[in-house]
$ cat input_24.tsv   # TSV, C-alpha atoms and all ligand atoms
chain	number	residue	atom	x	y	z
A	1	MET	CA	5.11	-27.91	23.63
A	2	GLN	CA	1.38	-28.58	23.23
A	3	PRO	CA	0.10	-27.37	19.81
A	4	VAL	CA	-1.51	-23.97	20.36
A	5	ASN	CA	-3.92	-22.08	18.08
A	6	ALA	CA	-3.55	-18.30	18.38
A	7	ALA	CA	-6.01	-15.79	16.90
A	8	VAL	CA	-4.86	-12.18	16.59
A	9	VAL	CA	-8.09	-10.19	16.24
A	10	TYR	CA	-7.78	-6.43	15.80
A	11	TYR	CA	-9.16	-3.19	14.45
A	12	SER	CA	-6.98	-0.48	12.96
A	13	ALA	CA	-8.04	2.65	11.08
A	14	THR	CA	-4.69	4.10	10.10
A	15	GLY	CA	-2.31	1.16	10.51
A	16	THR	CA	-0.75	1.55	13.94
A	17	VAL	CA	-2.61	-1.29	15.62
A	18	HIS	CA	-2.18	-3.32	12.44
A	19	ALA	CA	1.61	-2.99	12.83
A	20	LEU	CA	1.32	-4.13	16.47
A	21	ALA	CA	-0.92	-7.02	15.41
A	22	ALA	CA	1.65	-8.15	12.83
A	23	ALA	CA	4.37	-8.17	15.52
A	24	VAL	CA	2.06	-10.04	17.91
A	25	ALA	CA	1.37	-12.62	15.18
A	26	GLU	CA	5.10	-12.97	14.56
A	27	GLY	CA	5.79	-13.46	18.29
A	28	ALA	CA	3.04	-16.07	18.57
A	29	GLU	CA	4.35	-17.94	15.54
A	30	LYS	CA	7.93	-17.89	16.84
A	31	ALA	CA	6.60	-19.33	20.12
A	32	GLY	CA	5.30	-22.30	18.13
A	33	ALA	CA	1.62	-21.41	17.68
A	34	THR	CA	-0.47	-21.79	14.56
A	35	VAL	CA	-1.62	-18.22	13.96
A	36	ARG	CA	-4.62	-16.54	12.35
A	37	LEU	CA	-4.28	-12.78	11.85
A	38	ARG	CA	-7.81	-11.35	11.52
A	39	LYS	CA	-9.21	-7.82	11.19
A	40	VAL	CA	-12.74	-7.10	12.38
A	41	ALA	CA	-15.26	-5.57	9.99
A	42	GLU	CA	-15.35	-1.82	9.38
A	43	THR	CA	-18.56	-0.13	10.48
A	44	VAL	CA	-17.93	3.40	9.19
A	45	PRO	CA	-19.30	4.34	5.73
A	46	GLU	CA	-16.79	4.56	2.86
A	47	SER	CA	-17.76	8.19	2.28
A	48	ILE	CA	-16.35	9.11	5.70
A	49	ILE	CA	-13.23	6.95	5.36
A	50	GLY	CA	-12.56	8.54	1.97
A	51	GLY	CA	-12.31	11.93	3.65
A	52	ASN	CA	-9.27	10.78	5.65
A	53	PRO	CA	-6.36	9.85	3.33
A	54	ALA	CA	-4.47	7.87	6.01
A	55	TRP	CA	-7.56	5.82	6.83
A	56	ALA	CA	-8.37	5.18	3.15
A	57	ALA	CA	-4.74	4.19	2.48
A	58	HIS	CA	-4.76	1.65	5.31
A	59	VAL	CA	-8.04	0.13	4.14
A	60	SER	CA	-6.35	-0.55	0.77
A	61	ALA	CA	-3.07	-1.71	2.31
A	62	SER	CA	-4.83	-4.24	4.57
A	63	ALA	CA	-7.29	-5.53	1.96
A	64	ASP	CA	-5.60	-8.95	2.04
A	65	VAL	CA	-6.08	-9.52	5.77
A	66	ALA	CA	-8.93	-11.98	6.36
A	67	GLY	CA	-11.97	-10.85	8.31
A	68	ALA	CA	-12.51	-12.15	11.84
A	69	THR	CA	-15.30	-14.68	12.41
A	70	LEU	CA	-16.67	-16.47	15.44
A	71	ASP	CA	-14.94	-19.61	14.19
A	72	ASP	CA	-11.59	-17.91	14.77
A	73	LEU	CA	-12.47	-17.50	18.46
A	74	ASP	CA	-13.86	-21.03	18.70
A	75	TRP	CA	-10.70	-22.43	17.08
A	76	ALA	CA	-8.25	-20.49	19.23
A	77	ASP	CA	-6.63	-21.51	22.51
A	78	VAL	CA	-5.38	-17.96	22.91
A	79	VAL	CA	-6.87	-14.74	21.52
A	80	LEU	CA	-4.81	-11.55	21.30
A	81	PHE	CA	-7.04	-8.51	20.78
A	82	GLY	CA	-5.87	-5.16	19.41
A	83	THR	CA	-7.77	-1.87	19.31
A	84	PRO	CA	-6.96	1.82	19.03
A	85	THR	CA	-8.10	3.97	21.94
A	86	ARG	CA	-11.40	5.73	21.34
A	87	PHE	CA	-12.02	8.29	24.07
A	88	GLY	CA	-10.20	5.99	26.50
A	89	ASN	CA	-12.25	3.02	25.40
A	90	VAL	CA	-12.39	0.11	22.95
A	91	SER	CA	-13.10	0.99	19.29
A	92	ALA	CA	-16.72	0.51	18.21
A	93	GLN	CA	-15.55	-1.78	15.40
A	94	LEU	CA	-13.89	-4.27	17.75
A	95	LYS	CA	-16.78	-3.93	20.20
A	96	ALA	CA	-19.28	-4.73	17.42
A	97	PHE	CA	-17.41	-7.97	16.75
A	98	ILE	CA	-17.30	-8.78	20.46
A	99	ASP	CA	-21.03	-8.09	20.71
A	100	SER	CA	-21.68	-10.74	18.05
A	101	THR	CA	-20.21	-13.50	20.25
A	102	GLY	CA	-23.33	-14.11	22.36
A	103	PRO	CA	-24.17	-17.64	21.12
A	104	LEU	CA	-20.55	-18.81	21.37
A	105	TRP	CA	-20.27	-17.31	24.87
A	106	PHE	CA	-23.56	-18.89	25.96
A	107	SER	CA	-22.39	-22.35	24.89
A	108	GLY	CA	-19.24	-21.90	26.99
A	109	GLY	CA	-17.10	-21.70	23.85
A	110	LEU	CA	-15.16	-18.65	25.03
A	111	ALA	CA	-14.33	-19.87	28.53
A	112	GLY	CA	-10.97	-21.26	29.62
A	113	LYS	CA	-9.00	-19.60	26.81
A	114	VAL	CA	-6.08	-17.25	27.30
A	115	TYR	CA	-6.77	-13.58	26.48
A	116	THR	CA	-4.45	-10.63	26.21
A	117	ALA	CA	-4.72	-7.21	24.54
A	118	PHE	CA	-2.74	-4.36	22.98
A	119	THR	CA	-3.58	-0.82	21.97
A	120	ALA	CA	-2.50	2.56	20.60
A	121	SER	CA	-3.50	6.10	21.49
A	122	ASN	CA	-2.50	9.41	20.01
A	123	THR	CA	-1.07	10.83	23.23
A	124	ALA	CA	0.93	9.34	26.10
A	125	HIS	CA	-1.83	9.77	28.66
A	126	GLY	CA	-4.68	9.34	26.21
A	127	GLY	CA	-6.27	6.26	27.77
A	128	GLN	CA	-4.18	3.19	26.94
A	129	GLU	CA	-4.69	1.55	30.33
A	130	SER	CA	-8.40	2.36	30.46
A	131	THR	CA	-8.84	0.84	26.99
A	132	LEU	CA	-7.05	-2.38	27.96
A	133	LEU	CA	-8.92	-2.61	31.26
A	134	ALA	CA	-12.24	-2.06	29.47
A	135	LEU	CA	-11.40	-4.93	27.13
A	136	ALA	CA	-10.49	-7.08	30.14
A	137	ASN	CA	-14.06	-6.62	31.47
A	138	VAL	CA	-15.16	-8.73	28.50
A	139	PHE	CA	-12.61	-11.43	29.31
A	140	TYR	CA	-13.99	-11.72	32.85
A	141	HIS	CA	-17.48	-12.27	31.46
A	142	TRP	CA	-16.15	-14.93	29.15
A	143	GLY	CA	-14.40	-16.81	31.96
A	144	GLY	CA	-11.10	-16.13	30.25
A	145	ILE	CA	-7.60	-16.44	31.63
A	146	ILE	CA	-6.11	-12.97	31.34
A	147	VAL	CA	-2.37	-13.01	30.66
A	148	PRO	CA	-0.87	-9.52	30.74
A	149	PRO	CA	2.82	-8.92	29.95
A	150	GLY	CA	3.54	-7.37	33.35
A	151	TYR	CA	7.25	-6.76	33.81
A	152	THR	CA	8.23	-10.27	32.76
A	153	ASP	CA	10.96	-9.30	30.32
A	154	PRO	CA	13.57	-6.53	30.23
A	155	ILE	CA	11.77	-5.01	27.23
A	156	GLN	CA	8.85	-4.17	29.54
A	157	PHE	CA	11.05	-1.76	31.47
A	158	ARG	CA	11.66	0.08	28.21
A	159	SER	CA	8.20	-0.02	26.60
A	160	GLY	CA	6.58	0.27	30.00
A	161	ASN	CA	3.00	-0.96	29.91
A	162	PRO	CA	2.32	-4.03	32.08
A	163	TYR	CA	-1.33	-4.08	30.98
A	164	GLY	CA	-0.54	-4.74	27.34
A	165	THR	CA	1.67	-3.48	24.55
A	166	SER	CA	0.77	0.12	23.79
A	167	HIS	CA	2.00	2.67	21.31
A	168	VAL	CA	1.73	6.45	21.21
A	169	THR	CA	0.74	7.07	17.61
A	170	GLY	CA	1.55	10.75	17.90
A	171	ASP	CA	5.23	9.78	18.20
A	172	GLY	CA	5.21	8.15	14.76
A	173	PRO	CA	4.93	4.49	13.68
A	174	PRO	CA	5.79	1.75	16.22
A	175	GLY	CA	9.55	1.32	16.59
A	176	GLU	CA	11.60	-1.72	17.54
A	177	VAL	CA	11.05	-1.39	21.33
A	178	VAL	CA	7.27	-1.54	21.13
A	179	LEU	CA	7.34	-4.24	18.43
A	180	GLN	CA	9.64	-6.33	20.64
A	181	ALA	CA	7.22	-5.82	23.54
A	182	ALA	CA	4.40	-7.02	21.28
A	183	ARG	CA	6.35	-10.16	20.37
A	184	HIS	CA	7.12	-10.79	24.04
A	185	GLN	CA	3.47	-10.40	25.04
A	186	ALA	CA	2.45	-12.91	22.38
A	187	ARG	CA	5.12	-15.40	23.39
A	188	ARG	CA	4.03	-15.24	27.03
A	189	ALA	CA	0.36	-15.70	26.14
A	190	VAL	CA	1.13	-18.67	23.85
A	191	GLU	CA	3.42	-20.32	26.40
A	192	THR	CA	0.73	-19.95	29.08
A	193	ALA	CA	-1.88	-21.49	26.78
A	194	ALA	CA	0.49	-24.37	26.05
A	195	ALA	CA	1.10	-24.95	29.77
A	196	LEU	CA	-2.65	-24.95	30.44
A	197	LYS	CA	-3.20	-27.49	27.70
A	198	ALA	CA	-0.38	-29.68	29.00
A	199	GLY	CA	-1.96	-29.50	32.44
A	200	ARG	CA	-5.19	-30.77	30.89
A	201	LEU	CA	-7.32	-27.85	31.94
A	202	PRO	CA	-10.84	-28.74	30.72
A	203	GLU	CA	-10.61	-27.50	27.17
A	204	THR	CA	-13.14	-24.69	27.11
A	205	GLY	CA	-15.74	-25.53	29.72
A	206	ARG	CA	-18.20	-25.68	26.81
A	207	LEU	CA	-21.78	-26.21	27.92
A	208	PRO	CA	-24.29	-28.53	26.22
A	209	GLU	CA	-26.97	-27.09	23.92
A	210	ASN	CA	-29.33	-26.15	26.73
A	211	GLY	CA	-26.64	-24.13	28.49
A	212	VAL	CA	-26.66	-26.33	31.61
A	213	ARG	CA	-23.37	-27.87	32.65
A	214	ALA	CA	-23.64	-31.67	32.83
B	1	LIG	C1	-13.09	8.93	17.66
B	1	LIG	C2	-11.68	8.89	18.11
B	1	LIG	C3	-11.38	8.93	19.46
B	1	LIG	C4	-10.06	8.92	19.89
B	1	LIG	N1	-9.81	8.99	21.23
B	1	LIG	C5	-8.53	9.06	21.65
B	1	LIG	C6	-8.24	9.17	23.04
B	1	LIG	O1	-9.11	9.16	23.90
B	1	LIG	N2	-6.94	9.32	23.40
B	1	LIG	C7	-5.92	9.34	22.49
B	1	LIG	O2	-4.78	9.50	22.87
B	1	LIG	N3	-6.17	9.16	21.18
B	1	LIG	C8	-7.45	9.03	20.75
B	1	LIG	N4	-7.71	8.86	19.42
B	1	LIG	C9	-6.58	8.65	18.50
B	1	LIG	C10	-6.41	7.18	18.18
B	1	LIG	O3	-6.31	6.38	19.33
B	1	LIG	C11	-5.20	6.96	17.30
B	1	LIG	O4	-5.47	7.60	16.10
B	1	LIG	C12	-4.96	5.47	17.13
B	1	LIG	O5	-4.14	5.04	18.14
B	1	LIG	C13	-4.37	5.12	15.80
B	1	LIG	O6	-4.45	3.71	15.67
B	1	LIG	P1	-4.65	3.08	14.22
B	1	LIG	O7	-3.59	3.71	13.36
B	1	LIG	O8	-4.44	1.62	14.40
B	1	LIG	O9	-6.02	3.41	13.75
B	1	LIG	C14	-9.02	8.85	18.96
B	1	LIG	C15	-9.32	8.78	17.59
B	1	LIG	C16	-10.64	8.80	17.17
B	1	LIG	C17	-10.92	8.72	15.70

$ encode --input "input_24.tsv" --output "structure tokens"
Amino acid sequence: MQPVNAAVVYYSATGTVHALAAAVAEGAEKAGATVRLRKVAETVPESIIGGNPAWAAHVSASADVAGATLDDLDWADVVLFGTPTRFGNVSAQLKAFIDSTGPLWFSGGLAGKVYTAFTASNTAHGGQESTLLALANVFYHWGGIIVPPGYTDPIQFRSGNPYGTSHVTGDGPPGEVVLQAARHQARRAVETAAALKAGRLPETGRLPENGVRA
């Protein structure tokens, strides 16, 4: 298999999406990728986080996870994004990171990569699909190759979200079915990236300094 660099870039307040991200990283690694697990920067003041014990506990528990940078996106052949649902949409924290990618996007540095996404919401119909579809809007703008899990493995008929691995946080922490779905999603994304590289797809479609394709 072609060597593949996989960046798992996520936001998690209380640990659910972090658990999914860890499973995604594991699946990508097992599929042969070199993996960077990266959390995006927090944007909420400590005084507010401190008022929510679960949030404060996860901030401490995930202190060792490196922060996401634009270099992680530049380096990656495949990027796997994770976000909790926020009113059926992407979390502001992940969106803030995405909104810092302008220069990399403009140089073509985000095009031609494989993208896929996973999420968590508190309730079963709380906006998982709308969150993943909202994130996919970004991938279109980047000229990304969106690789959803679909129903490409028996686990998908049990976990049930073809748009991307999703967990209902209100049911408790992610169990083995959803973690298996996360690993499957990562494997599929990595294998697709490897196939694209083997097929010599132009690496990123990167544009020269002036933004005009030669
Ligand atoms: C501001 C805010 C908005 C939220 N909106 C939704 C929502 O629309 N639907 C839903 O089911 N859960 C919603 N939630 C719950 C989160 O999605 C849930 O806590 C999250 O999946 C937990 O992920 P984490 O543990 O990785 O932070 C919201 C939470 C917050 C703080």

$ closest_atom_pairs --input "input_24.tsv" --of "chain A" --to "ligand LIG 1 (chain B)" --cutoff "9 Å" --atoms "only C-alpha atoms and all ligand atoms" --output "tab-separated table"
residue	atom	partner	partner_atom	distance
A:Tyr10	CA	B:LIG1	O8	8.8
A:Tyr11	CA	B:LIG1	O8	6.7
A:Ser12	CA	B:LIG1	O8	3.6
A:Ala13	CA	B:LIG1	O9	3.4
A:Thr14	CA	B:LIG1	O7	3.5
A:Gly15	CA	B:LIG1	O7	4.0
A:Thr16	CA	B:LIG1	O7	3.6
A:Val17	CA	B:LIG1	O8	3.6
A:His18	CA	B:LIG1	O8	5.8
A:Ala19	CA	B:LIG1	O8	7.8
A:Leu20	CA	B:LIG1	O8	8.4
A:Ala54	CA	B:LIG1	O7	8.5
A:Trp55	CA	B:LIG1	O9	7.5
A:His58	CA	B:LIG1	O7	8.4
A:Gly82	CA	B:LIG1	O8	8.6
A:Thr83	CA	B:LIG1	O8	6.9
A:Pro84	CA	B:LIG1	O5	4.4
A:Thr85	CA	B:LIG1	O3	4.0
A:Arg86	CA	B:LIG1	N1	3.6
A:Phe87	CA	B:LIG1	O1	3.0
A:Gly88	CA	B:LIG1	O1	4.2
A:Asn89	CA	B:LIG1	O1	7.1
A:Ser91	CA	B:LIG1	C1	8.1
A:Thr119	CA	B:LIG1	O5	7.0
A:Ala120	CA	B:LIG1	O5	3.9
A:Ser121	CA	B:LIG1	O3	3.6
A:Asn122	CA	B:LIG1	O2	3.7
A:Thr123	CA	B:LIG1	O2	4.0
A:Ala124	CA	B:LIG1	O2	6.6
A:His125	CA	B:LIG1	O2	6.5
A:Gly126	CA	B:LIG1	O2	3.3
A:Gly127	CA	B:LIG1	N2	5.4
A:Gln128	CA	B:LIG1	O2	7.5
A:Thr131	CA	B:LIG1	O1	8.9
A:Ser166	CA	B:LIG1	O5	9.0
A:His167	CA	B:LIG1	O5	7.3
A:Val168	CA	B:LIG1	O5	6.8
A:Thr169	CA	B:LIG1	O5	5.3
A:Gly170	CA	B:LIG1	C11	7.8
A:Pro173	CA	B:LIG1	O7	8.6

$ closest_residue --input "input_24.tsv" --among "A:Ala111, A:Val40, A:Ile146, A:Ala96" --to "Ala63 in chain A" --atoms "all atoms listed in the file"
A:Val40

$ atom_distance --input "input_24.tsv" --atom1 "CA of Ala182 in chain A" --atom2 "CA of Ser60 in chain A"
24.0 Å

$ closest_residue --input "input_24.tsv" --among "A:Leu70, A:Ala189, A:Ala56, A:Leu104" --to "Ala25 in chain A" --atoms "only C-alpha atoms"
A:Ala189

$ residues_around --input "input_24.tsv" --residues "Thr165 in chain A" --least-positions-apart "4" --cutoff "8 Å" --atoms "only C-alpha atoms" --output "compact mmCIF listing (two decimals) with C-alpha atoms, in the coordinates of the input"
# COMPACT_ATOMS: atom_id res chain seq x y z
CA ALA A 117 -4.72 -7.21 24.54
CA PHE A 118 -2.74 -4.36 22.98
CA THR A 119 -3.58 -0.82 21.97
CA PRO A 149 2.82 -8.92 29.95
CA SER A 159 8.20 -0.02 26.60
CA ASN A 161 3.00 -0.96 29.91
CA VAL A 178 7.27 -1.54 21.13
CA ALA A 181 7.22 -5.82 23.54
CA ALA A 182 4.40 -7.02 21.28
CA GLN A 185 3.47 -10.40 25.04

$ atom_distance --input "input_24.tsv" --atom1 "CA of Gly32 in chain A" --atom2 "CA of Glu191 in chain A"
8.7 Å

$ atom_distance --input "input_24.tsv" --atom1 "CA of Glu129 in chain A" --atom2 "CA of Pro103 in chain A"
28.9 Å

$ closest_residue --input "input_24.tsv" --among "A:Ala198, A:Ile155, A:Val190, A:Leu73" --to "Arg38 in chain A" --atoms "all atoms listed in the file"
A:Leu73

$ closest_residue --input "input_24.tsv" --among "A:Asn52, A:Thr69, A:Thr101, A:Thr192" --to "Val138 in chain A" --atoms "only C-alpha atoms"
A:Thr101

$ closest_residue --input "input_24.tsv" --among "A:Arg188, A:Ala136, A:Gly172, A:Arg36" --to "Tyr151 in chain A" --atoms "all atoms listed in the file"
A:Arg188

$ closest_residue --input "input_24.tsv" --among "A:Ala22, A:Ala68, A:Ala92, A:Ala6" --to "Val44 in chain A" --atoms "all atoms listed in the file"
A:Ala92

$ decode --input "input_24.tsv" --residues "range 95-121 of chain A" --atoms "N, CA and C atoms" --output "tab-separated table (two decimals), in the first residue's frame"
chain	number	residue	atom	x	y	z
A	95	LYS	N	-15.02	24.97	13.81
A	95	LYS	CA	-15.23	25.92	12.72
A	95	LYS	C	-14.16	27.02	12.77
A	96	ALA	N	-13.76	27.43	13.98
A	96	ALA	CA	-12.72	28.47	14.09
A	96	ALA	C	-11.42	27.96	13.47
A	97	PHE	N	-11.10	26.70	13.72
A	97	PHE	CA	-9.89	26.12	13.11
A	97	PHE	C	-10.04	26.10	11.58
A	98	ILE	N	-11.19	25.64	11.12
A	98	ILE	CA	-11.43	25.58	9.67
A	98	ILE	C	-11.32	26.97	9.06
A	99	ASP	N	-11.81	27.97	9.77
A	99	ASP	CA	-11.79	29.33	9.24
A	99	ASP	C	-10.39	29.96	9.25
A	100	SER	N	-9.42	29.23	9.80
A	100	SER	CA	-8.04	29.72	9.76
A	100	SER	C	-7.27	29.13	8.58
A	101	THR	N	-7.95	28.35	7.74
A	101	THR	CA	-7.24	27.63	6.67
A	101	THR	C	-7.14	28.40	5.36
A	102	GLY	N	-7.63	29.64	5.34
A	102	GLY	CA	-7.70	30.41	4.10
A	102	GLY	C	-6.44	30.36	3.24
A	103	PRO	N	-5.27	30.71	3.79
A	103	PRO	CA	-4.06	30.73	2.95
A	103	PRO	C	-3.73	29.35	2.37
A	104	LEU	N	-3.89	28.30	3.18
A	104	LEU	CA	-3.60	26.95	2.69
A	104	LEU	C	-4.59	26.58	1.58
A	105	TRP	N	-5.86	26.91	1.80
A	105	TRP	CA	-6.88	26.65	0.77
A	105	TRP	C	-6.55	27.40	-0.52
A	106	PHE	N	-6.16	28.68	-0.37
A	106	PHE	CA	-5.94	29.51	-1.56
A	106	PHE	C	-4.78	29.00	-2.39
A	107	SER	N	-3.80	28.38	-1.73
A	107	SER	CA	-2.65	27.85	-2.47
A	107	SER	C	-2.97	26.48	-3.05
A	108	GLY	N	-4.17	25.99	-2.86
A	108	GLY	CA	-4.54	24.67	-3.38
A	108	GLY	C	-4.12	23.54	-2.46
A	109	GLY	N	-3.61	23.87	-1.28
A	109	GLY	CA	-3.05	22.86	-0.38
A	109	GLY	C	-4.07	21.97	0.29
A	110	LEU	N	-5.36	22.25	0.12
A	110	LEU	CA	-6.37	21.39	0.73
A	110	LEU	C	-7.11	20.55	-0.30
A	111	ALA	N	-6.82	20.77	-1.57
A	111	ALA	CA	-7.53	20.07	-2.64
A	111	ALA	C	-6.98	18.66	-2.85
A	112	GLY	N	-7.82	17.78	-3.34
A	112	GLY	CA	-7.36	16.45	-3.74
A	112	GLY	C	-7.13	15.49	-2.59
A	113	LYS	N	-7.39	15.93	-1.35
A	113	LYS	CA	-7.23	15.03	-0.20
A	113	LYS	C	-8.56	14.33	0.07
A	114	VAL	N	-8.48	13.25	0.81
A	114	VAL	CA	-9.69	12.54	1.23
A	114	VAL	C	-10.17	13.14	2.55
A	115	TYR	N	-11.49	13.39	2.63
A	115	TYR	CA	-12.09	13.91	3.86
A	115	TYR	C	-13.26	13.03	4.28
A	116	THR	N	-13.40	12.89	5.58
A	116	THR	CA	-14.52	12.17	6.14
A	116	THR	C	-14.77	12.73	7.54
A	117	ALA	N	-15.95	12.50	8.11
A	117	ALA	CA	-16.27	13.17	9.39
A	117	ALA	C	-17.13	12.29	10.28
A	118	PHE	N	-17.04	12.58	11.59
A	118	PHE	CA	-17.82	11.84	12.59
A	118	PHE	C	-18.32	12.83	13.64
A	119	THR	N	-19.37	12.41	14.37
A	119	THR	CA	-20.00	13.37	15.28
A	119	THR	C	-20.67	12.67	16.46
A	120	ALA	N	-21.19	13.50	17.38
A	120	ALA	CA	-22.01	13.01	18.49
A	120	ALA	C	-23.05	14.07	18.81
A	121	SER	N	-24.23	13.61	19.19
A	121	SER	CA	-25.29	14.53	19.61
A	121	SER	C	-25.90	13.95	20.88
